[in-house]
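Engineer: Let me begin by handing over the structure; questions about it come next.
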Amino acid sequence: MTYRRSRASILVALAAGTMLAPPVIAQDATARDATPGTEGETPTDGDIVVTGQRRAQRESIATKREAFAVVDAISSDDIGKLPDHNTAAALRRIPGVSVQEDQGEPRFPVLRGLQSTYNRTTVDGAIVSSVDEGGRTVPLDIIPSVMASRVEVIKTVTPENDANAIGGVINIKTRSAFEAKRPFLNALASYGVYEQHGDVRHDKPSLRTAFAAGRTFGAADEWGIVIGGSYEQLDYDIPQVESASPSVREYARPGIAGVTAGSPVDSGSVNGNGIQVPTQVRLFWYNNSKKRYGGNAKLEYRVADTFHWELSGIYAKTQDDEERIEFRTEPLGTVANQTSTSGSFARGRNIVQLNQPITNREIIVGRTAFDWKAADAWTVDGDAIYSQGRLYTPNTSIEFRTRDAQGANYAFSYDTSDFYPIFTPANPTANRDPANFFLQQQRDAAVRTFEKSGQLRLNAAYDDGDRIKLKAGGVARTTRRRYDNSQINYTAGSGFTYTLAEVDAPGPEKLIQDRYLLTPRIDVGQAMAFFDANRGRFVTTVTPPTGDYRLQEDVYAGYLQGSYRIGALTLLAGLRYERTEIESEAVRTLRGVLTPVQNGGSYGNWLPGVHLRWDALPDVVVRAAYTNTIGRPDYASLAASENLSFDGSQPTLSRGNPDLRPRRSRGFDGTVEWYPRDGVVSIGLFSKDIRDEIFTLTAVQTLDVGRGAEAVIVTTPRNANTATIRGVELNVQQALTFLPGALSGLGVSANATFLDTRFTFLTAAGPRETGLFLQPDATANATVFYQRGAFEGRVSWNYIGGFLETINDTIPNADQYWKHRSTFDANISYRLTPRLTLYAEGQNLSDAGRRELTGPGRTYLQEAAEYGRTFWVGVTASL
């Protein structure tokens with residue numbers, strides 16, 4: 001590929017020059033000195049010592065009040081802890097924020113209806129490279145929460161903010177030695193117990209350790225330094241039952257010309273009899289062994305209020321070592337003896353599979369920044385940023401199947417009278433006999449991505465000290481991304497019979513959902529030893545690298561904004577322009593031939609914004625905003641590549657679409673906020689109209705992906721016609737310090753967000769309208785906390801409503817939805833000494849699992865996972 005090397009070289013040279021020059025911290029996007037407004041003072045509590053959760057809540061309220069834009073925040077407590085160990089989990093406490101889970105952990109934040117790939121994630125304003133296979137997503141579990149002093153969500157971006165933020169900007173603000181105002185050392189260590197662990201593989205202890213330390217130094221304490229580090233190890237199991245997409249089907253009714261009665265047809269087909277039957281039952285058991293570790297450092301220099309420079313760096317890595325075992329049963333041929341909830345199949349098929357993906361994610365962020373008060377009314381700031389993200393996922397998988405020619409041995413009857421369908425084999429012995437399962441395929445696969453970005457920003461601001469503020473600036477950013485995948489397949493050679501009996505082991509004794517037994521399964525050690533001893537008897541096939549691509553994206557942006565204050569009213573208006581240039585190179589199979597494909601293009605966006613703040617009363621703030629933002633397509637979506645992956649034994653073929661346009665959003669926001677003593681009560685209304693919304697269309701096609709003709713899930717990103725979001729956010733936080741005696745230690749926090757979303761897109765069958773992709777209609781949080789003397793306790797509730805997860809092109813009944821979910825967490829702590837605290841916490845105390853629904857009325861099983869409860873005990877030290 002031919003890149004614009006001259007531009008890239010200039011950008012790198014400028015970045016290097018700025019790193020060597022005396023720089024400064026870029027202005028906080030929410031700070032009052034960066035955007036206009038009036039200062040709000042934090043009241044004191046008299047004889048009540050403000051610590052722990054109360055202190056964190058007070059700082060979060062102060063951040064919201066002092067910001068000019070619509071901002072919510074979560075602050076760490078006095079021992080350097082966010083309310084949750086996982087940064088993404090902490091974000092669930094913010095109005096308008098839901099979090100998409102992965103492997104049972106909160107990972108991907110969704111802001112006001114927009115999935116995480118279209119929200120900007122930054123650390124101290126610095127971009128963070130993606131470690132996703134194809135998207136712009138930054139999974140927030142990779143960033144240790146111990147490094148954060150505050151996590152901010154900016155919901156109404158001003159022209160000075162990056163425009164690729166339709167939902168908003170998530171900024172993780174790291175700790176500063178100057179904010180602490182004294183030397184500090186915070187450390188914690190904890191031990192965890194997962195309710196579900198050790199049933200299929202090793203049983204490692206779950207533990208966490210972390211520290212952060214900082215101080216100022218120099219003759220006038222003009223220097224500051226902070227360092228931190230963390231290590232986490234988790235080990236837990238997730239039993240799961242599901243039915244692959246499409247999850248249900250119907251069978252043809254009698255009397256249709258050319259169609260055999262009882263033969264399978266799509267759910268909702270005009271030829272169907274209206275009775276929904278599961279396409280299969282898939283039993284999974286996951287063991288996840290995770291390791292996370294990282295470190296951060298920040299060096300700062302300040303000269304009074306005139307000059308500030310900093311140099312900071314972050315390194316973080318996660319490793320998810322997963323073993324996934326599967327037992328799957330599916331029907332063959334026609335149905336018989338059918339009633340509304342039962343029937344039988346004279347032939348069937350069973351599949352046993354093992355997957356062992358090890359997902360390694362790594363991020364590095366380096367930043368140098370300056371802030372210089374050049375004159376009484378003039379300030380100049382800027383920064384240079386380098387960020388990189390790596391993903392490496394090797395995966396060994398093995399699959400055994402029964403032979404379709406012997407399908408009569410695996411006949412079964414089914415019962416769907418309960419939500420969880422039951423398949424009862426006619427011959428239980430043959431159904432589970434390992435000798436009846438023959439090797440289908442063994443595979444060694446690997447996915448690698450590498451993304452690196454360099455960015456320069458420079459801003460100049462004028463403030464007359466009274467009414468007028470002006471600000472202008474620009475940014476140049478280059479991102480390069482590489483994706484490589486490899487697959488080597490092994491099948492049994494001629495005359496070589498390899499059955500599961502050679503390498504089988506019994507499955508877990510525990511029943512999944514109290515009814516499903518997963519046995520037999522593949523013993524990993526035996527399977528690897530057998531393969532090594534018989535390597536010469538396997539036929540080796542290398543899959544062409546059709547998913548590989550290289551991509552470069554250059555972004556150049558400039559803005560001008562100004563504000564004018566008249567008494568209690570401040571108006572800000574501005575304009576931002578962003579130009580995006582893209583070049584990509586990929587490999588694709590065209591008419592059976594592996595062919596390089598090159599694409600390139602560019603687009604520009606003019607993005608006006610108007611914001612208003614009115615300090616209507618001493619304790620009442622009214623805000624309004626008109627914003628324009630964009631959402632660039634995912635990198636993998638833009639490349640003309642094809643990527644074949646396997647979810648268990650189900651193949652999925654993902655195709656890129658170089659013709660994708662960026663989504664464009666126009667938003668209106670209005671909030672009213674009342675700040676009683678030690679609290680806030682707010683209501684916000686917002687509306688977004690999105691043009692060229694991007695979604696993934698799913699269809700099922702019969703293709704040969706190396707194992708013979710089979711059903712393959714084919715996904716392709718497309719632009720939709722329109723999408724709209726209308727919403728209301730309600731929020732209350734209050735420390736009940738006005739109550740008498742011991743009751744004054746109580747505090748409450750609650751918020752709820754309600755959305756009305758509409759999403760119109762074109763399918764092969766014509767236009768369809770649904771709710772917005774991946775966005776629940778309602779989310780809510782509530783927390784009651786108590787702090788008195790040495791004791792502190794907290795109980796939290798989180799609710800995420802149901803939402804649309806997958807859209808099927810030709811079968812609307814195959815759309816998949818997540819069901820609503822509620823979880824409860826609790827935390828207690830006791831200060832043994834002013835510097836030493838013991839704490840205990842329980843997560844998911846309601847034992848809430850995950851259900852995914854499909855079919856007519858969203859009433860049929862697609863997927864159900866059990867997470868269980870988790871308990872932690874630990875100690876923190878503050879010196």
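By convention in this document, the chains of the structure tokens carry letters A, B, ... by their order, each chain's residues are numbered from 1, and ligands are numbered from 1 in the order they are shown.
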Fewer than 2 positions away in the same chain doesn't count, so skip those; otherwise give me all residues within 10 Å of Pro618 in chain A, counting only C-alpha atoms, as a list in words.
Structural biologist: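 Result of the neighbour search: Gly40, Ala568, Asp615, Ala616, Val620, Val621, Trp674, Tyr675 and Pro676 of chain A.
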Engineer: Store the residues picked out above, limited to C-alpha atoms, as a PDB file, in the first residue's frame.
Structural biologist:
```pdb
ATOM      1  CA  GLY A  40     -19.600  26.624  43.055  1.00  0.00           C
ATOM      2  CA  ALA A 568     -26.038  34.897  35.054  1.00  0.00           C
ATOM      3  CA  ASP A 615     -27.247  30.270  36.714  1.00  0.00           C
ATOM      4  CA  ALA A 616     -30.913  30.960  37.352  1.00  0.00           C
ATOM      5  CA  VAL A 620     -30.061  26.211  40.209  1.00  0.00           C
ATOM      6  CA  VAL A 621     -28.243  25.766  36.902  1.00  0.00           C
ATOM      7  CA  TRP A 674     -30.709  21.984  41.646  1.00  0.00           C
ATOM      8  CA  TYR A 675     -27.855  21.822  44.139  1.00  0.00           C
ATOM      9  CA  PRO A 676     -29.119  21.584  47.708  1.00  0.00           C
TER      10      PRO A 676
END
```
Engineer: From a DSSP pass on the backbone, collect the residues of range 588-665 of chain A flagged as helix (DSSP H, G or I) and hand them back as an NGL selection string.
Structural biologist: :A and (635-638)
Engineer: Rounded to one decimal, what separation in Å do you get between CA of Val259 in chain A and CA of Gly333 in chain A?
Structural biologist: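 Pair CA of Val259 in chain A / CA of Gly333 in chain A returns 13.1 Å.
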Engineer: Go through range 359-426 of chain A residue by residue and, counting only C-alpha atoms, keep those with an atom at most 9 Å from range 304-322 of chain A; for each kept residue give the shortest atom pair and its distance in Å to one decimal, ordered by chain and increasing number, as JSON lines.
Structural biologist:
```
{"residue": "A:Thr359", "atom": "CA", "partner": "A:Asp320", "partner_atom": "CA", "distance": 5.0}
{"residue": "A:Asn360", "atom": "CA", "partner": "A:Gln319", "partner_atom": "CA", "distance": 4.5}
{"residue": "A:Arg361", "atom": "CA", "partner": "A:Thr318", "partner_atom": "CA", "distance": 5.2}
{"residue": "A:Glu362", "atom": "CA", "partner": "A:Lys317", "partner_atom": "CA", "distance": 4.3}
{"residue": "A:Ile363", "atom": "CA", "partner": "A:Ala316", "partner_atom": "CA", "distance": 5.4}
{"residue": "A:Ile364", "atom": "CA", "partner": "A:Tyr315", "partner_atom": "CA", "distance": 4.7}
{"residue": "A:Val365", "atom": "CA", "partner": "A:Ile314", "partner_atom": "CA", "distance": 5.1}
{"residue": "A:Gly366", "atom": "CA", "partner": "A:Gly313", "partner_atom": "CA", "distance": 4.4}
{"residue": "A:Arg367", "atom": "CA", "partner": "A:Ser312", "partner_atom": "CA", "distance": 5.3}
{"residue": "A:Thr368", "atom": "CA", "partner": "A:Leu311", "partner_atom": "CA", "distance": 4.4}
{"residue": "A:Ala369", "atom": "CA", "partner": "A:Glu310", "partner_atom": "CA", "distance": 5.5}
{"residue": "A:Phe370", "atom": "CA", "partner": "A:Trp309", "partner_atom": "CA", "distance": 4.4}
{"residue": "A:Asp371", "atom": "CA", "partner": "A:His308", "partner_atom": "CA", "distance": 5.1}
{"residue": "A:Trp372", "atom": "CA", "partner": "A:Phe307", "partner_atom": "CA", "distance": 4.5}
{"residue": "A:Lys373", "atom": "CA", "partner": "A:Thr306", "partner_atom": "CA", "distance": 4.7}
{"residue": "A:Ala374", "atom": "CA", "partner": "A:Thr306", "partner_atom": "CA", "distance": 7.5}
{"residue": "A:Ala375", "atom": "CA", "partner": "A:Thr306", "partner_atom": "CA", "distance": 8.7}
{"residue": "A:Thr379", "atom": "CA", "partner": "A:Thr306", "partner_atom": "CA", "distance": 8.8}
```
Engineer: Write out the residues from the selection above, keeping N, CA, C and O atoms, as a PDB file, in the first residue's frame.
Structural biologist:
```pdb
ATOM      1  N   THR A 359      -6.757 -14.542  24.803  1.00  0.00           N
ATOM      2  CA  THR A 359      -6.833 -13.178  24.285  1.00  0.00           C
ATOM      3  C   THR A 359      -5.892 -12.278  25.064  1.00  0.00           C
ATOM      4  O   THR A 359      -6.075 -12.069  26.272  1.00  0.00           O
ATOM      5  N   ASN A 360      -4.899 -11.748  24.363  1.00  0.00           N
ATOM      6  CA  ASN A 360      -3.925 -10.842  24.969  1.00  0.00           C
ATOM      7  C   ASN A 360      -4.158  -9.436  24.423  1.00  0.00           C
ATOM      8  O   ASN A 360      -4.106  -9.214  23.206  1.00  0.00           O
ATOM      9  N   ARG A 361      -4.413  -8.495  25.320  1.00  0.00           N
ATOM     10  CA  ARG A 361      -4.604  -7.094  24.934  1.00  0.00           C
ATOM     11  C   ARG A 361      -3.567  -6.239  25.656  1.00  0.00           C
ATOM     12  O   ARG A 361      -3.328  -6.433  26.844  1.00  0.00           O
ATOM     13  N   GLU A 362      -3.029  -5.251  24.937  1.00  0.00           N
ATOM     14  CA  GLU A 362      -1.981  -4.420  25.511  1.00  0.00           C
ATOM     15  C   GLU A 362      -2.127  -2.997  24.984  1.00  0.00           C
ATOM     16  O   GLU A 362      -2.319  -2.789  23.782  1.00  0.00           O
ATOM     17  N   ILE A 363      -2.061  -2.016  25.877  1.00  0.00           N
ATOM     18  CA  ILE A 363      -2.089  -0.616  25.454  1.00  0.00           C
ATOM     19  C   ILE A 363      -0.905   0.122  26.054  1.00  0.00           C
ATOM     20  O   ILE A 363      -0.444  -0.176  27.157  1.00  0.00           O
ATOM     21  N   ILE A 364      -0.409   1.085  25.297  1.00  0.00           N
ATOM     22  CA  ILE A 364       0.638   1.999  25.741  1.00  0.00           C
ATOM     23  C   ILE A 364       0.201   3.404  25.347  1.00  0.00           C
ATOM     24  O   ILE A 364      -0.209   3.631  24.198  1.00  0.00           O
ATOM     25  N   VAL A 365       0.246   4.321  26.282  1.00  0.00           N
ATOM     26  CA  VAL A 365      -0.089   5.715  26.011  1.00  0.00           C
ATOM     27  C   VAL A 365       1.021   6.590  26.588  1.00  0.00           C
ATOM     28  O   VAL A 365       1.358   6.471  27.771  1.00  0.00           O
ATOM     29  N   GLY A 366       1.595   7.444  25.758  1.00  0.00           N
ATOM     30  CA  GLY A 366       2.580   8.419  26.207  1.00  0.00           C
ATOM     31  C   GLY A 366       2.105   9.813  25.853  1.00  0.00           C
ATOM     32  O   GLY A 366       1.573  10.040  24.750  1.00  0.00           O
ATOM     33  N   ARG A 367       2.278  10.740  26.773  1.00  0.00           N
ATOM     34  CA  ARG A 367       1.753  12.091  26.553  1.00  0.00           C
ATOM     35  C   ARG A 367       2.658  13.121  27.206  1.00  0.00           C
ATOM     36  O   ARG A 367       3.129  12.936  28.331  1.00  0.00           O
ATOM     37  N   THR A 368       2.908  14.198  26.495  1.00  0.00           N
ATOM     38  CA  THR A 368       3.543  15.358  27.089  1.00  0.00           C
ATOM     39  C   THR A 368       2.683  16.569  26.750  1.00  0.00           C
ATOM     40  O   THR A 368       2.160  16.664  25.632  1.00  0.00           O
ATOM     41  N   ALA A 369       2.508  17.472  27.690  1.00  0.00           N
ATOM     42  CA  ALA A 369       1.545  18.556  27.514  1.00  0.00           C
ATOM     43  C   ALA A 369       2.002  19.791  28.271  1.00  0.00           C
ATOM     44  O   ALA A 369       2.765  19.702  29.230  1.00  0.00           O
ATOM     45  N   PHE A 370       1.543  20.952  27.818  1.00  0.00           N
ATOM     46  CA  PHE A 370       1.872  22.193  28.495  1.00  0.00           C
ATOM     47  C   PHE A 370       0.665  23.115  28.541  1.00  0.00           C
ATOM     48  O   PHE A 370      -0.248  23.018  27.714  1.00  0.00           O
ATOM     49  N   ASP A 371       0.697  24.030  29.487  1.00  0.00           N
ATOM     50  CA  ASP A 371      -0.330  25.062  29.640  1.00  0.00           C
ATOM     51  C   ASP A 371       0.401  26.328  30.095  1.00  0.00           C
ATOM     52  O   ASP A 371       0.974  26.357  31.196  1.00  0.00           O
ATOM     53  N   TRP A 372       0.394  27.353  29.253  1.00  0.00           N
ATOM     54  CA  TRP A 372       1.205  28.551  29.496  1.00  0.00           C
ATOM     55  C   TRP A 372       0.330  29.785  29.440  1.00  0.00           C
ATOM     56  O   TRP A 372      -0.349  30.031  28.444  1.00  0.00           O
ATOM     57  N   LYS A 373       0.348  30.543  30.538  1.00  0.00           N
ATOM     58  CA  LYS A 373      -0.364  31.818  30.569  1.00  0.00           C
ATOM     59  C   LYS A 373       0.581  32.866  29.983  1.00  0.00           C
ATOM     60  O   LYS A 373       1.419  33.456  30.685  1.00  0.00           O
ATOM     61  N   ALA A 374       0.463  33.097  28.690  1.00  0.00           N
ATOM     62  CA  ALA A 374       1.403  33.947  27.978  1.00  0.00           C
ATOM     63  C   ALA A 374       1.273  35.414  28.345  1.00  0.00           C
ATOM     64  O   ALA A 374       2.241  36.166  28.303  1.00  0.00           O
ATOM     65  N   ALA A 375       0.075  35.840  28.689  1.00  0.00           N
ATOM     66  CA  ALA A 375      -0.184  37.221  29.108  1.00  0.00           C
ATOM     67  C   ALA A 375      -1.409  37.191  30.003  1.00  0.00           C
ATOM     68  O   ALA A 375      -2.031  36.140  30.200  1.00  0.00           O
ATOM     69  N   THR A 379      -3.819  32.483  26.997  1.00  0.00           N
ATOM     70  CA  THR A 379      -3.310  31.179  27.425  1.00  0.00           C
ATOM     71  C   THR A 379      -3.086  30.319  26.197  1.00  0.00           C
ATOM     72  O   THR A 379      -3.907  30.307  25.274  1.00  0.00           O
TER      73      THR A 379
END
```
Engineer: Would you kindly return, as a PyMOL selection string, each protein, DNA or RNA residue with an atom no farther than 7 Å from any atom of range 387-397 of chain A, considering only C-alpha atoms and excluding same-chain residues fewer than 2 positions away?
Structural biologist: chain A and resi 127-131+354-366+385+399+442-454
Engineer: Considering only C-alpha atoms, can you say which of A:Arg480, A:Arg831, A:Arg677, A:Lys510 comes closest to Gln196 in chain A?
Structural biologist: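 Ranked by minimum distance to Gln196 in chain A, first place goes to A:Lys510.
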Engineer: What's the 12 Å shell around Gly343 in chain A, counting only C-alpha atoms, without same-chain residues fewer than 5 positions away, as a tab-separated table (two decimals) with N, CA, C and O atoms, in the first residue's frame?
Structural biologist:
```
chain	number	residue	atom	x	y	z
A	250	GLU	N	-39.74	-23.32	11.96
A	250	GLU	CA	-41.02	-24.01	11.86
A	250	GLU	C	-40.87	-25.18	10.88
A	250	GLU	O	-39.82	-25.33	10.24
A	251	TYR	N	-41.94	-25.97	10.77
A	251	TYR	CA	-41.94	-27.09	9.83
A	251	TYR	C	-43.17	-26.97	8.92
A	251	TYR	O	-44.23	-26.48	9.35
A	262	GLY	N	-43.73	-31.37	7.02
A	262	GLY	CA	-42.83	-31.67	8.12
A	262	GLY	C	-41.39	-31.31	7.87
A	262	GLY	O	-40.53	-31.51	8.74
A	275	ILE	N	-45.63	-23.43	14.59
A	275	ILE	CA	-45.09	-24.03	15.81
A	275	ILE	C	-43.58	-23.85	15.83
A	275	ILE	O	-42.89	-24.31	14.92
A	276	GLN	N	-43.08	-23.18	16.86
A	276	GLN	CA	-41.65	-22.89	16.92
A	276	GLN	C	-40.90	-24.06	17.57
A	276	GLN	O	-41.27	-24.53	18.65
A	277	VAL	N	-39.82	-24.49	16.89
A	277	VAL	CA	-39.01	-25.62	17.36
A	277	VAL	C	-37.55	-25.16	17.41
A	277	VAL	O	-37.06	-24.55	16.45
A	278	PRO	N	-36.83	-25.43	18.49
A	278	PRO	CA	-35.41	-25.04	18.54
A	278	PRO	C	-34.62	-25.70	17.42
A	278	PRO	O	-34.80	-26.89	17.12
A	331	PRO	N	-31.47	-31.52	15.12
A	331	PRO	CA	-32.27	-32.49	14.36
A	331	PRO	C	-31.83	-32.56	12.90
A	331	PRO	O	-31.28	-31.62	12.34
A	334	THR	N	-37.19	-34.46	8.80
A	334	THR	CA	-38.54	-33.97	9.07
A	334	THR	C	-38.97	-34.27	10.50
A	334	THR	O	-38.41	-35.15	11.16
A	335	VAL	N	-39.98	-33.53	10.95
A	335	VAL	CA	-40.52	-33.72	12.28
A	335	VAL	C	-41.73	-34.66	12.22
A	335	VAL	O	-42.40	-34.75	11.18
A	336	ALA	N	-41.99	-35.34	13.33
A	336	ALA	CA	-43.15	-36.23	13.41
A	336	ALA	C	-43.81	-36.07	14.77
A	336	ALA	O	-43.22	-35.53	15.71
A	337	ASN	N	-45.04	-36.55	14.87
A	337	ASN	CA	-45.78	-36.58	16.14
A	337	ASN	C	-45.83	-35.19	16.80
A	337	ASN	O	-45.73	-35.05	18.01
A	338	GLN	N	-46.01	-34.17	16.01
A	338	GLN	CA	-45.87	-32.81	16.52
A	338	GLN	C	-47.14	-32.31	17.17
A	338	GLN	O	-48.25	-32.48	16.66
A	411	ALA	N	-31.78	-40.35	17.20
A	411	ALA	CA	-33.15	-39.85	17.19
A	411	ALA	C	-33.50	-39.31	18.57
A	411	ALA	O	-32.98	-39.77	19.60
A	412	PHE	N	-34.41	-38.34	18.62
A	412	PHE	CA	-34.80	-37.78	19.91
A	412	PHE	C	-36.18	-37.13	19.81
A	412	PHE	O	-36.68	-36.83	18.72
A	413	SER	N	-36.76	-36.96	20.97
A	413	SER	CA	-38.01	-36.21	21.07
A	413	SER	C	-37.71	-34.91	21.80
A	413	SER	O	-36.73	-34.80	22.52
A	414	TYR	N	-38.56	-33.91	21.60
A	414	TYR	CA	-38.32	-32.62	22.25
A	414	TYR	C	-39.57	-32.17	23.00
A	414	TYR	O	-40.69	-32.57	22.71
A	415	ASP	N	-39.32	-31.30	23.98
A	415	ASP	CA	-40.40	-30.73	24.79
A	415	ASP	C	-40.07	-29.25	25.00
A	415	ASP	O	-39.03	-28.90	25.56
A	416	THR	N	-40.96	-28.36	24.53
A	416	THR	CA	-40.74	-26.92	24.66
A	416	THR	C	-41.78	-26.26	25.57
A	416	THR	O	-42.03	-25.07	25.47
A	417	SER	N	-42.35	-27.04	26.46
A	417	SER	CA	-43.37	-26.48	27.36
A	417	SER	C	-42.75	-25.52	28.37
A	417	SER	O	-43.45	-24.69	28.95
A	421	PRO	N	-35.74	-25.69	26.42
A	421	PRO	CA	-36.22	-26.91	25.74
A	421	PRO	C	-35.44	-28.14	26.19
A	421	PRO	O	-34.26	-28.08	26.54
A	422	ILE	N	-36.12	-29.29	26.18
A	422	ILE	CA	-35.51	-30.56	26.56
A	422	ILE	C	-35.50	-31.48	25.34
A	422	ILE	O	-36.53	-31.70	24.71
A	423	PHE	N	-34.31	-31.99	24.99
A	423	PHE	CA	-34.17	-33.00	23.95
A	423	PHE	C	-33.88	-34.33	24.64
A	423	PHE	O	-32.88	-34.47	25.34
A	424	THR	N	-34.75	-35.32	24.44
A	424	THR	CA	-34.60	-36.62	25.08
A	424	THR	C	-34.22	-37.67	24.03
A	424	THR	O	-35.02	-37.98	23.14
```
Engineer: Applying 8 Å and only C-alpha atoms, which residues near Gly747 in chain A remain after dropping the ones on its own chain fewer than 6 positions away? List them as a list of chain:residue names.
Structural biologist: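 Answer for this query is A:Arg54, A:Gln733, A:Gln734, A:Ala735, A:Leu736, A:Thr737, A:Val784, A:Phe785, A:Tyr786.
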Engineer: Could those selected residues go to a file with N, CA and C atoms, as an mmCIF file, in the first residue's frame?
Structural biologist:
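Final output, result-v3.cif:
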```
data_model
loop_
_atom_site.group_PDB
_atom_site.id
_atom_site.type_symbol
_atom_site.label_atom_id
_atom_site.label_comp_id
_atom_site.auth_asym_id
_atom_site.auth_seq_id
_atom_site.Cartn_x
_atom_site.Cartn_y
_atom_site.Cartn_z
ATOM 1 N N ARG A 54 -18.861 9.287 50.708
ATOM 2 C CA ARG A 54 -19.397 10.650 50.804
ATOM 3 C C ARG A 54 -18.441 11.646 50.160
ATOM 4 N N GLN A 733 -28.691 12.850 44.001
ATOM 5 C CA GLN A 733 -27.647 12.426 44.932
ATOM 6 C C GLN A 733 -27.758 13.315 46.159
ATOM 7 N N GLN A 734 -27.765 12.719 47.330
ATOM 8 C CA GLN A 734 -27.955 13.508 48.531
ATOM 9 C C GLN A 734 -27.334 12.828 49.747
ATOM 10 N N ALA A 735 -26.433 13.549 50.410
ATOM 11 C CA ALA A 735 -25.959 13.127 51.726
ATOM 12 C C ALA A 735 -26.941 13.671 52.751
ATOM 13 N N LEU A 736 -27.474 12.802 53.598
ATOM 14 C CA LEU A 736 -28.552 13.191 54.522
ATOM 15 C C LEU A 736 -27.969 13.735 55.822
ATOM 16 N N THR A 737 -27.091 14.711 55.665
ATOM 17 C CA THR A 737 -26.411 15.281 56.841
ATOM 18 C C THR A 737 -27.345 16.084 57.732
ATOM 19 N N VAL A 784 -27.621 3.214 48.383
ATOM 20 C CA VAL A 784 -27.784 3.730 49.741
ATOM 21 C C VAL A 784 -26.465 3.481 50.457
ATOM 22 N N PHE A 785 -25.875 4.537 51.023
ATOM 23 C CA PHE A 785 -24.610 4.354 51.731
ATOM 24 C C PHE A 785 -24.707 4.979 53.124
ATOM 25 N N TYR A 786 -23.847 4.494 53.987
ATOM 26 C CA TYR A 786 -23.822 4.972 55.370
ATOM 27 C C TYR A 786 -22.374 5.101 55.805
#
```
Engineer: Just list as JSON, numbers by chain whatever in range 163-259 of chain A DSSP marks as strand (DSSP E or B).
Structural biologist: {"A": [169, 170, 171, 172, 173, 174, 184, 185, 186, 187, 188, 189, 190, 191, 192, 193, 194, 206, 207, 208, 209, 210, 211, 212, 213, 214, 215, 216, 217, 223, 224, 225, 226, 227, 228, 229, 230, 231, 232, 233, 234, 235, 236, 237, 238, 239, 240, 241, 242, 248, 249, 250, 251, 252]}
Engineer: Could you jot down the CA of Asp132 in chain A to CA of Glu581 in chain A separation for me, Å, one decimal place?
Structural biologist: 21.4 Å
Engineer: Looking at A:Leu836, A:Val138, A:Leu551, A:Ala89, which one is nearest to Arg482 in chain A, with distances taken over only C-alpha atoms?
Structural biologist: A:Leu551
Engineer: With only C-alpha atoms as the counted atoms, please give the residues lying no more than 9 Å from Ile828 in chain A, apart from itself and same-chain residues fewer than 4 positions off, as a VMD selection string.
Structural biologist: chain A and resid 791 to 795 838 to 841
Engineer: Please save C-alpha atoms of the selected residues as an mmCIF file, in the first residue's frame.
Structural biologist:
```cif
data_model
loop_
_atom_site.group_PDB
_atom_site.id
_atom_site.type_symbol
_atom_site.label_atom_id
_atom_site.label_comp_id
_atom_site.auth_asym_id
_atom_site.auth_seq_id
_atom_site.Cartn_x
_atom_site.Cartn_y
_atom_site.Cartn_z
ATOM 1 C CA PHE A 791 -17.688 2.305 59.563
ATOM 2 C CA GLU A 792 -18.932 2.659 56.008
ATOM 3 C CA GLY A 793 -21.415 0.550 54.069
ATOM 4 C CA ARG A 794 -23.001 0.668 50.627
ATOM 5 C CA VAL A 795 -25.721 -1.288 48.812
ATOM 6 C CA LEU A 838 -10.566 -3.590 56.164
ATOM 7 C CA TYR A 839 -13.314 -4.091 53.597
ATOM 8 C CA ALA A 840 -15.568 -6.772 52.154
ATOM 9 C CA GLU A 841 -17.833 -6.725 49.134
#
```
Engineer: Would you pick out the contacts of Ala790 in chain A at 10 Å or less, using only C-alpha atoms, so that residues sharing its chain but fewer than 4 positions from it are not included, and give the list as a list in words?
Structural biologist: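 Everything that qualifies: Thr51, Ser829, Tyr830, Arg831, Leu832, Thr833, Pro834 and Thr837 of chain A.
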